[in-house]
$ cat start.pdb   # PDB, C-alpha atoms
ATOM      1  CA  MET A   1     -54.955  52.153 189.655
ATOM      2  CA  TRP A   2     -54.482  48.538 188.551
ATOM      3  CA  LEU A   3     -55.864  49.304 185.069
ATOM      4  CA  LEU A   4     -52.925  51.685 184.636
ATOM      5  CA  LEU A   5     -50.758  48.557 184.694
ATOM      6  CA  VAL A   6     -52.011  47.609 181.194
ATOM      7  CA  PRO A   7     -50.497  50.619 179.346
ATOM      8  CA  ILE A   8     -47.392  50.294 181.522
ATOM      9  CA  GLY A   9     -47.277  46.660 180.391
ATOM     10  CA  VAL A  10     -47.530  47.732 176.730
ATOM     11  CA  ALA A  11     -44.462  49.931 177.185
ATOM     12  CA  VAL A  12     -42.620  47.148 179.023
ATOM     13  CA  GLY A  13     -43.461  44.620 176.280
ATOM     14  CA  ALA A  14     -42.342  46.937 173.474
ATOM     15  CA  PHE A  15     -39.170  47.781 175.344
ATOM     16  CA  SER A  16     -38.417  44.145 176.143
ATOM     17  CA  ALA A  17     -38.815  42.955 172.549
ATOM     18  CA  ALA A  18     -36.907  45.899 171.054
ATOM     19  CA  PHE A  19     -33.928  45.610 173.397
ATOM     20  CA  GLY A  20     -33.900  41.868 174.062
ATOM     21  CA  VAL A  21     -34.159  42.342 177.819
ATOM     22  CA  GLY A  22     -36.732  41.175 180.318
ATOM     23  CA  GLY A  23     -38.068  44.556 181.325
ATOM     24  CA  GLY A  24     -37.674  43.994 185.042
ATOM     25  CA  LEU A  25     -35.549  47.137 185.217
ATOM     26  CA  LEU A  26     -38.661  49.082 184.225
ATOM     27  CA  MET A  27     -41.224  47.089 186.205
ATOM     28  CA  VAL A  28     -39.443  46.798 189.553
ATOM     29  CA  PRO A  29     -39.200  50.569 190.224
ATOM     30  CA  VAL A  30     -42.841  51.037 189.121
ATOM     31  CA  LEU A  31     -44.040  48.270 191.453
ATOM     32  CA  VAL A  32     -41.941  49.428 194.404
ATOM     33  CA  LEU A  33     -42.572  53.175 194.064
ATOM     34  CA  GLY A  34     -46.054  53.145 192.510
ATOM     35  CA  TYR A  35     -47.686  50.042 193.966
ATOM     36  CA  GLY A  36     -45.993  49.675 197.338
ATOM     37  CA  LEU A  37     -44.592  46.186 196.734
ATOM     38  CA  ASP A  38     -41.387  45.324 198.583
ATOM     39  CA  GLN A  39     -38.249  44.615 196.551
ATOM     40  CA  HIS A  40     -38.696  40.823 196.661
ATOM     41  CA  ALA A  41     -42.346  40.823 195.591
ATOM     42  CA  ALA A  42     -41.593  43.365 192.854
ATOM     43  CA  GLN A  43     -38.809  41.199 191.445
ATOM     44  CA  GLY A  44     -40.839  37.989 191.690
ATOM     45  CA  THR A  45     -43.863  39.600 190.025
ATOM     46  CA  SER A  46     -41.810  41.107 187.204
ATOM     47  CA  LEU A  47     -40.127  37.741 186.539
ATOM     48  CA  VAL A  48     -43.562  36.137 186.101
ATOM     49  CA  VAL A  49     -44.581  38.869 183.606
ATOM     50  CA  ILE A  50     -41.336  38.429 181.669
ATOM     51  CA  ILE A  51     -42.043  34.776 180.772
ATOM     52  CA  PRO A  52     -45.032  35.246 178.374
ATOM     53  CA  THR A  53     -43.692  38.622 177.188
ATOM     54  CA  ALA A  54     -40.329  37.172 176.167
ATOM     55  CA  VAL A  55     -42.047  34.183 174.488
ATOM     56  CA  VAL A  56     -44.136  36.490 172.267
ATOM     57  CA  GLY A  57     -41.174  38.774 171.524
ATOM     58  CA  ALA A  58     -38.843  35.856 170.739
ATOM     59  CA  VAL A  59     -41.424  34.289 168.393
ATOM     60  CA  ALA A  60     -41.802  37.615 166.548
ATOM     61  CA  HIS A  61     -38.010  37.844 166.156
ATOM     62  CA  HIS A  62     -37.843  34.171 165.101
ATOM     63  CA  ARG A  63     -40.271  34.872 162.245
ATOM     64  CA  ARG A  64     -37.764  37.425 160.950
ATOM     65  CA  GLY A  65     -34.961  34.869 161.233
ATOM     66  CA  LEU A  66     -33.145  36.789 163.966
ATOM     67  CA  VAL A  67     -32.921  34.166 166.738
ATOM     68  CA  ASP A  68     -29.901  31.858 167.075
ATOM     69  CA  TRP A  69     -31.706  29.163 169.073
ATOM     70  CA  ARG A  70     -28.641  27.041 169.799
ATOM     71  CA  LEU A  71     -26.851  30.022 171.294
ATOM     72  CA  ALA A  72     -30.006  31.009 173.201
ATOM     73  CA  LEU A  73     -30.210  27.541 174.758
ATOM     74  CA  PHE A  74     -26.563  27.624 175.860
ATOM     75  CA  MET A  75     -27.074  31.065 177.389
ATOM     76  CA  ALA A  76     -30.274  29.967 179.074
ATOM     77  CA  ALA A  77     -28.506  26.945 180.587
ATOM     78  CA  GLY A  78     -25.791  29.231 181.944
ATOM     79  CA  GLY A  79     -28.414  31.744 182.990
ATOM     80  CA  LEU A  80     -30.298  29.141 185.013
ATOM     81  CA  LEU A  81     -27.104  28.306 186.908
ATOM     82  CA  GLY A  82     -26.550  32.032 187.301
ATOM     83  CA  VAL A  83     -29.974  32.515 188.857
ATOM     84  CA  VAL A  84     -29.068  30.073 191.642
ATOM     85  CA  ALA A  85     -25.473  31.299 192.051
ATOM     86  CA  GLY A  86     -26.598  34.925 191.843
ATOM     87  CA  SER A  87     -29.149  34.495 194.601
ATOM     88  CA  ARG A  88     -26.505  32.979 196.896
ATOM     89  CA  LEU A  89     -23.941  35.648 196.037
ATOM     90  CA  ALA A  90     -26.499  38.402 196.516
ATOM     91  CA  LEU A  91     -27.347  37.026 199.957
ATOM     92  CA  ALA A  92     -23.658  36.872 200.918
ATOM     93  CA  THR A  93     -22.773  40.365 199.604
ATOM     94  CA  ASP A  94     -24.279  43.572 200.862
ATOM     95  CA  ALA A  95     -26.800  44.787 198.300
ATOM     96  CA  GLU A  96     -25.442  48.318 197.903
ATOM     97  CA  THR A  97     -21.934  47.200 196.912
ATOM     98  CA  LEU A  98     -23.393  44.686 194.456
ATOM     99  CA  GLN A  99     -25.642  47.326 192.935
ATOM    100  CA  THR A 100     -22.792  49.838 192.482
ATOM    101  CA  VAL A 101     -20.423  47.310 190.867
ATOM    102  CA  PHE A 102     -23.147  46.114 188.488
ATOM    103  CA  GLY A 103     -24.102  49.691 187.652
ATOM    104  CA  LEU A 104     -20.522  50.645 186.734
ATOM    105  CA  VAL A 105     -20.157  47.593 184.476
ATOM    106  CA  VAL A 106     -23.447  48.442 182.750
ATOM    107  CA  ILE A 107     -22.428  52.100 182.215
ATOM    108  CA  ALA A 108     -19.087  51.043 180.663
ATOM    109  CA  ALA A 109     -20.793  48.540 178.319
ATOM    110  CA  GLY A 110     -23.413  51.100 177.302
ATOM    111  CA  ALA A 111     -20.902  53.895 176.617
ATOM    112  CA  ARG A 112     -18.776  51.524 174.510
ATOM    113  CA  LEU A 113     -21.790  50.475 172.406
ATOM    114  CA  ALA A 114     -22.966  54.049 171.888
ATOM    115  CA  VAL A 115     -19.490  55.078 170.695
ATOM    116  CA  GLN A 116     -19.405  52.096 168.290
ATOM    117  CA  GLY A 117     -22.847  52.964 166.944
ATOM    118  CA  ASN A 118     -21.835  56.566 166.434
ATOM    119  CA  ARG A 119     -18.758  55.450 164.468
ATOM    120  CA  GLN A 120     -20.939  53.247 162.244
ATOM    121  CA  ARG A 121     -23.236  56.179 161.586
ATOM    122  CA  HIS A 122     -20.362  58.560 160.774
ATOM    123  CA  PRO A 123     -17.660  56.290 159.299
ATOM    124  CA  THR A 124     -15.520  59.204 158.050
ATOM    125  CA  ARG A 125     -14.944  60.675 161.503
TER
ATOM    126  CA  MET B 126     -26.111  39.304 177.556
ATOM    127  CA  VAL B 127     -26.549  41.640 174.586
ATOM    128  CA  PRO B 128     -23.147  43.395 174.962
ATOM    129  CA  LEU B 129     -21.446  39.987 175.358
ATOM    130  CA  LEU B 130     -23.129  38.566 172.249
ATOM    131  CA  VAL B 131     -22.061  41.602 170.226
ATOM    132  CA  SER B 132     -18.493  42.005 171.491
ATOM    133  CA  VAL B 133     -17.401  38.406 172.179
ATOM    134  CA  LEU B 134     -19.452  36.402 169.651
ATOM    135  CA  SER B 135     -19.669  39.159 167.001
ATOM    136  CA  LEU B 136     -23.427  38.869 166.522
ATOM    137  CA  SER B 137     -25.176  41.775 164.815
ATOM    138  CA  GLN B 138     -27.043  44.033 167.219
ATOM    139  CA  HIS B 139     -30.376  42.731 165.846
ATOM    140  CA  HIS B 140     -29.441  39.050 166.250
ATOM    141  CA  ALA B 141     -28.063  39.751 169.736
ATOM    142  CA  HIS B 142     -31.304  41.368 170.946
ATOM    143  CA  ALA B 143     -33.456  38.589 169.492
ATOM    144  CA  THR B 144     -31.262  35.742 170.785
ATOM    145  CA  SER B 145     -30.987  37.305 174.224
ATOM    146  CA  LEU B 146     -34.773  37.571 174.457
ATOM    147  CA  ALA B 147     -35.118  33.853 173.646
ATOM    148  CA  ALA B 148     -32.711  32.994 176.472
ATOM    149  CA  VAL B 149     -34.550  35.356 178.830
ATOM    150  CA  VAL B 150     -37.636  33.099 178.636
ATOM    151  CA  LEU B 151     -35.953  30.229 180.496
ATOM    152  CA  ILE B 152     -33.913  32.405 182.834
ATOM    153  CA  ALA B 153     -37.022  34.315 183.913
ATOM    154  CA  ALA B 154     -38.847  31.018 184.419
ATOM    155  CA  GLY B 155     -36.054  29.871 186.752
ATOM    156  CA  GLY B 156     -36.172  33.127 188.686
ATOM    157  CA  ALA B 157     -39.965  33.134 188.822
ATOM    158  CA  ALA B 158     -39.925  29.587 190.223
ATOM    159  CA  VAL B 159     -37.550  30.650 193.021
ATOM    160  CA  PHE B 160     -39.538  33.779 193.920
ATOM    161  CA  GLY B 161     -42.869  31.997 193.445
ATOM    162  CA  SER B 162     -41.954  29.201 195.841
ATOM    163  CA  ALA B 163     -41.035  31.879 198.395
ATOM    164  CA  GLY B 164     -44.520  33.401 197.936
ATOM    165  CA  GLU B 165     -43.046  36.590 196.490
ATOM    166  CA  VAL B 166     -45.317  36.977 193.432
ATOM    167  CA  HIS B 167     -48.311  39.327 193.226
ATOM    168  CA  LEU B 168     -50.413  37.467 190.639
ATOM    169  CA  PRO B 169     -53.166  40.085 189.967
ATOM    170  CA  ILE B 170     -50.544  42.753 189.268
ATOM    171  CA  ALA B 171     -48.590  40.294 187.097
ATOM    172  CA  GLY B 172     -51.791  39.561 185.144
ATOM    173  CA  PHE B 173     -52.554  43.220 184.349
ATOM    174  CA  LEU B 174     -48.944  43.898 183.348
ATOM    175  CA  ALA B 175     -48.810  40.764 181.181
ATOM    176  CA  VAL B 176     -51.968  41.763 179.256
ATOM    177  CA  GLY B 177     -50.285  45.014 178.248
ATOM    178  CA  ALA B 178     -46.901  43.421 177.654
ATOM    179  CA  LEU B 179     -48.374  40.857 175.236
ATOM    180  CA  ILE B 180     -49.718  43.763 173.156
ATOM    181  CA  GLY B 181     -46.443  45.681 173.346
ATOM    182  CA  ALA B 182     -43.997  42.867 172.544
ATOM    183  CA  PRO B 183     -44.883  42.451 168.824
ATOM    184  CA  MET B 184     -44.758  46.261 168.471
ATOM    185  CA  GLY B 185     -41.272  46.343 169.957
ATOM    186  CA  ALA B 186     -40.109  43.490 167.736
ATOM    187  CA  ARG B 187     -41.356  45.331 164.626
ATOM    188  CA  LEU B 188     -39.709  48.562 165.754
ATOM    189  CA  MET B 189     -36.392  46.801 166.322
ATOM    190  CA  ALA B 190     -36.442  45.123 162.899
ATOM    191  CA  ARG B 191     -36.951  48.529 161.249
ATOM    192  CA  THR B 192     -34.187  50.297 163.186
ATOM    193  CA  SER B 193     -30.698  50.483 161.645
ATOM    194  CA  GLU B 194     -27.810  48.643 163.282
ATOM    195  CA  ALA B 195     -26.071  51.923 164.215
ATOM    196  CA  ASN B 196     -29.186  53.496 165.742
ATOM    197  CA  LEU B 197     -29.977  50.309 167.646
ATOM    198  CA  LYS B 198     -26.462  50.351 169.130
ATOM    199  CA  ILE B 199     -26.819  53.992 170.177
ATOM    200  CA  ALA B 200     -30.296  53.444 171.669
ATOM    201  CA  PHE B 201     -29.231  50.329 173.559
ATOM    202  CA  GLY B 202     -25.998  52.014 174.715
ATOM    203  CA  ALA B 203     -27.979  54.985 176.042
ATOM    204  CA  PHE B 204     -30.371  52.577 177.780
ATOM    205  CA  LEU B 205     -27.443  50.831 179.518
ATOM    206  CA  VAL B 206     -25.887  54.110 180.636
ATOM    207  CA  ILE B 207     -29.213  55.256 182.133
ATOM    208  CA  VAL B 208     -29.784  51.925 183.874
ATOM    209  CA  GLY B 209     -26.206  51.821 185.186
ATOM    210  CA  THR B 210     -26.384  55.394 186.470
ATOM    211  CA  THR B 211     -29.668  54.641 188.226
ATOM    212  CA  LEU B 212     -28.095  51.610 189.890
ATOM    213  CA  VAL B 213     -24.989  53.509 191.016
ATOM    214  CA  VAL B 214     -26.808  56.622 192.202
ATOM    215  CA  GLY B 215     -29.826  54.761 193.600
TER
END

$ encode --input "start.pdb" --output "structure tokens"
Amino acid sequence: MWLLLVPIGVAVGAFSAAFGVGGGLLMVPVLVLGYGLDQHAAQGTSLVVIIPTAVVGAVAHHRRGLVDWRLALFMAAGGLLGVVAGSRLALATDAETLQTVFGLVVIAAGARLAVQGNRQRHPTR
Amino acid sequence: MVPLLVSVLSLSQHHAHATSLAAVVLIAAGGAAVFGSAGEVHLPIAGFLAVGALIGAPMGARLMARTSEANLKIAFGAFLVIVGTTLVVG
């Protein structure tokens, strides 16, 4: 059962590097539903996996000249503050409300991007 | 981060994905430190996943570099809609 984690990891790594995301959104459900971890352990474990994965992906992108390191550092600094603030906020807010609000924001951002991409592909429309 | 980099800072979709991933390294390290100190990390599972992920990451980077800006936007947009729907419904 644990060996199955290797091909799952391959998919997570490819996904993470292609989309510039950690991949926790893929790993957490797998670990909770497939491996019986609780939500906290699943999140903690996926965060540990993300570190080396993102390093390798970022280096591959860097070789193609795609990384703006200064911007990445600013975002990381903000992100580190966000990790602390987010944990406190998450503890103070009930999880379901937080999840729904975040989900709606993500859907709106995704729909907007897809529409933009479609316009770029069919500029005459 | 990716939608913000594209809409607010006008980065190309490719640069936004790559730059976001670089920032993710440190943010994940911060999160991992918090969860790790609370004893909420399953190291053997993390190890197996990481072995696979280290193989997959260069593949994903290559795939992204070969994908057109428009198709990358559509793929990432679809990904966000699916994730958001899962969060709202779940």

$ closest_residue --input "start.pdb" --among "B:Ile180, B:Ala190, B:Val206, B:Ala158" --to "His142 in chain B" --atoms "only C-alpha atoms"
B:Ala190

$ interface_residues --input "start.pdb" --of "chain B" --to "chain A" --cutoff "7 Å" --atoms "all atoms listed in the file" --output "PyMOL selection string"
chain B and resi 128+139-140+142-157+160-161+165-168+171+173-186+188-189+195-196+198-199+201-203+205-206+209-210+212-213

$ atom_distance --input "start.pdb" --atom1 "CA of Leu130 in chain B" --atom2 "CA of Val214 in chain B"
27.2 Å

$ axis_aligned_box --input "start.pdb" --around "range 199-202 of chain B" --padding-each-side "6 Å" --output "lines of an AutoDock Vina configuration file"
center_x = -28.1
center_y = 52.2
center_z = 172.4
size_x = 16.3
size_y = 15.7
size_z = 16.5

$ atom_distance --input "start.pdb" --atom1 "CA of Gly34 in chain A" --atom2 "CA of Ala200 in chain B"
26.1 Å

$ atom_distance --input "start.pdb" --atom1 "CA of Gly172 in chain B" --atom2 "CA of Gly36 in chain A"
16.9 Å

$ build_atoms --input "start.pdb" --residues "range 137-156 of chain B" --atoms "N, CA and C atoms" --output "PDB file, in the frame of the given file"
ATOM      1  N   SER B 137     -24.663  40.438 165.128  1.00  0.00           N
ATOM      2  CA  SER B 137     -25.176  41.775 164.815  1.00  0.00           C
ATOM      3  C   SER B 137     -26.045  42.210 165.994  1.00  0.00           C
ATOM      4  N   GLN B 138     -26.235  43.523 166.107  1.00  0.00           N
ATOM      5  CA  GLN B 138     -27.043  44.033 167.219  1.00  0.00           C
ATOM      6  C   GLN B 138     -28.459  43.433 167.187  1.00  0.00           C
ATOM      7  N   HIS B 139     -29.023  43.294 165.987  1.00  0.00           N
ATOM      8  CA  HIS B 139     -30.376  42.731 165.846  1.00  0.00           C
ATOM      9  C   HIS B 139     -30.427  41.276 166.309  1.00  0.00           C
ATOM     10  N   HIS B 140     -29.459  40.457 165.848  1.00  0.00           N
ATOM     11  CA  HIS B 140     -29.441  39.050 166.250  1.00  0.00           C
ATOM     12  C   HIS B 140     -29.207  38.916 167.753  1.00  0.00           C
ATOM     13  N   ALA B 141     -28.364  39.817 168.299  1.00  0.00           N
ATOM     14  CA  ALA B 141     -28.063  39.751 169.736  1.00  0.00           C
ATOM     15  C   ALA B 141     -29.313  40.032 170.573  1.00  0.00           C
ATOM     16  N   HIS B 142     -30.085  41.051 170.190  1.00  0.00           N
ATOM     17  CA  HIS B 142     -31.304  41.368 170.946  1.00  0.00           C
ATOM     18  C   HIS B 142     -32.292  40.209 170.883  1.00  0.00           C
ATOM     19  N   ALA B 143     -32.475  39.658 169.680  1.00  0.00           N
ATOM     20  CA  ALA B 143     -33.456  38.589 169.492  1.00  0.00           C
ATOM     21  C   ALA B 143     -33.042  37.322 170.237  1.00  0.00           C
ATOM     22  N   THR B 144     -31.750  36.966 170.145  1.00  0.00           N
ATOM     23  CA  THR B 144     -31.262  35.742 170.785  1.00  0.00           C
ATOM     24  C   THR B 144     -31.294  35.881 172.305  1.00  0.00           C
ATOM     25  N   SER B 145     -30.936  37.058 172.787  1.00  0.00           N
ATOM     26  CA  SER B 145     -30.987  37.305 174.224  1.00  0.00           C
ATOM     27  C   SER B 145     -32.412  37.141 174.761  1.00  0.00           C
ATOM     28  N   LEU B 146     -33.373  37.661 174.010  1.00  0.00           N
ATOM     29  CA  LEU B 146     -34.773  37.571 174.457  1.00  0.00           C
ATOM     30  C   LEU B 146     -35.225  36.110 174.557  1.00  0.00           C
ATOM     31  N   ALA B 147     -34.771  35.278 173.607  1.00  0.00           N
ATOM     32  CA  ALA B 147     -35.118  33.853 173.646  1.00  0.00           C
ATOM     33  C   ALA B 147     -34.556  33.195 174.901  1.00  0.00           C
ATOM     34  N   ALA B 148     -33.318  33.566 175.271  1.00  0.00           N
ATOM     35  CA  ALA B 148     -32.711  32.994 176.472  1.00  0.00           C
ATOM     36  C   ALA B 148     -33.401  33.499 177.736  1.00  0.00           C
ATOM     37  N   VAL B 149     -33.889  34.740 177.671  1.00  0.00           N
ATOM     38  CA  VAL B 149     -34.550  35.356 178.830  1.00  0.00           C
ATOM     39  C   VAL B 149     -35.769  34.534 179.273  1.00  0.00           C
ATOM     40  N   VAL B 150     -36.439  33.886 178.306  1.00  0.00           N
ATOM     41  CA  VAL B 150     -37.636  33.099 178.636  1.00  0.00           C
ATOM     42  C   VAL B 150     -37.323  32.099 179.747  1.00  0.00           C
ATOM     43  N   LEU B 151     -36.277  31.284 179.532  1.00  0.00           N
ATOM     44  CA  LEU B 151     -35.953  30.229 180.496  1.00  0.00           C
ATOM     45  C   LEU B 151     -35.359  30.791 181.779  1.00  0.00           C
ATOM     46  N   ILE B 152     -34.543  31.824 181.639  1.00  0.00           N
ATOM     47  CA  ILE B 152     -33.913  32.405 182.834  1.00  0.00           C
ATOM     48  C   ILE B 152     -34.980  33.017 183.741  1.00  0.00           C
ATOM     49  N   ALA B 153     -35.936  33.724 183.121  1.00  0.00           N
ATOM     50  CA  ALA B 153     -37.022  34.315 183.913  1.00  0.00           C
ATOM     51  C   ALA B 153     -37.862  33.226 184.572  1.00  0.00           C
ATOM     52  N   ALA B 154     -38.062  32.119 183.846  1.00  0.00           N
ATOM     53  CA  ALA B 154     -38.847  31.018 184.419  1.00  0.00           C
ATOM     54  C   ALA B 154     -38.150  30.471 185.665  1.00  0.00           C
ATOM     55  N   GLY B 155     -36.816  30.336 185.594  1.00  0.00           N
ATOM     56  CA  GLY B 155     -36.054  29.871 186.752  1.00  0.00           C
ATOM     57  C   GLY B 155     -36.190  30.826 187.925  1.00  0.00           C
ATOM     58  N   GLY B 156     -36.045  32.116 187.631  1.00  0.00           N
ATOM     59  CA  GLY B 156     -36.172  33.127 188.686  1.00  0.00           C
ATOM     60  C   GLY B 156     -37.577  33.168 189.264  1.00  0.00           C
TER      61      GLY B 156
END
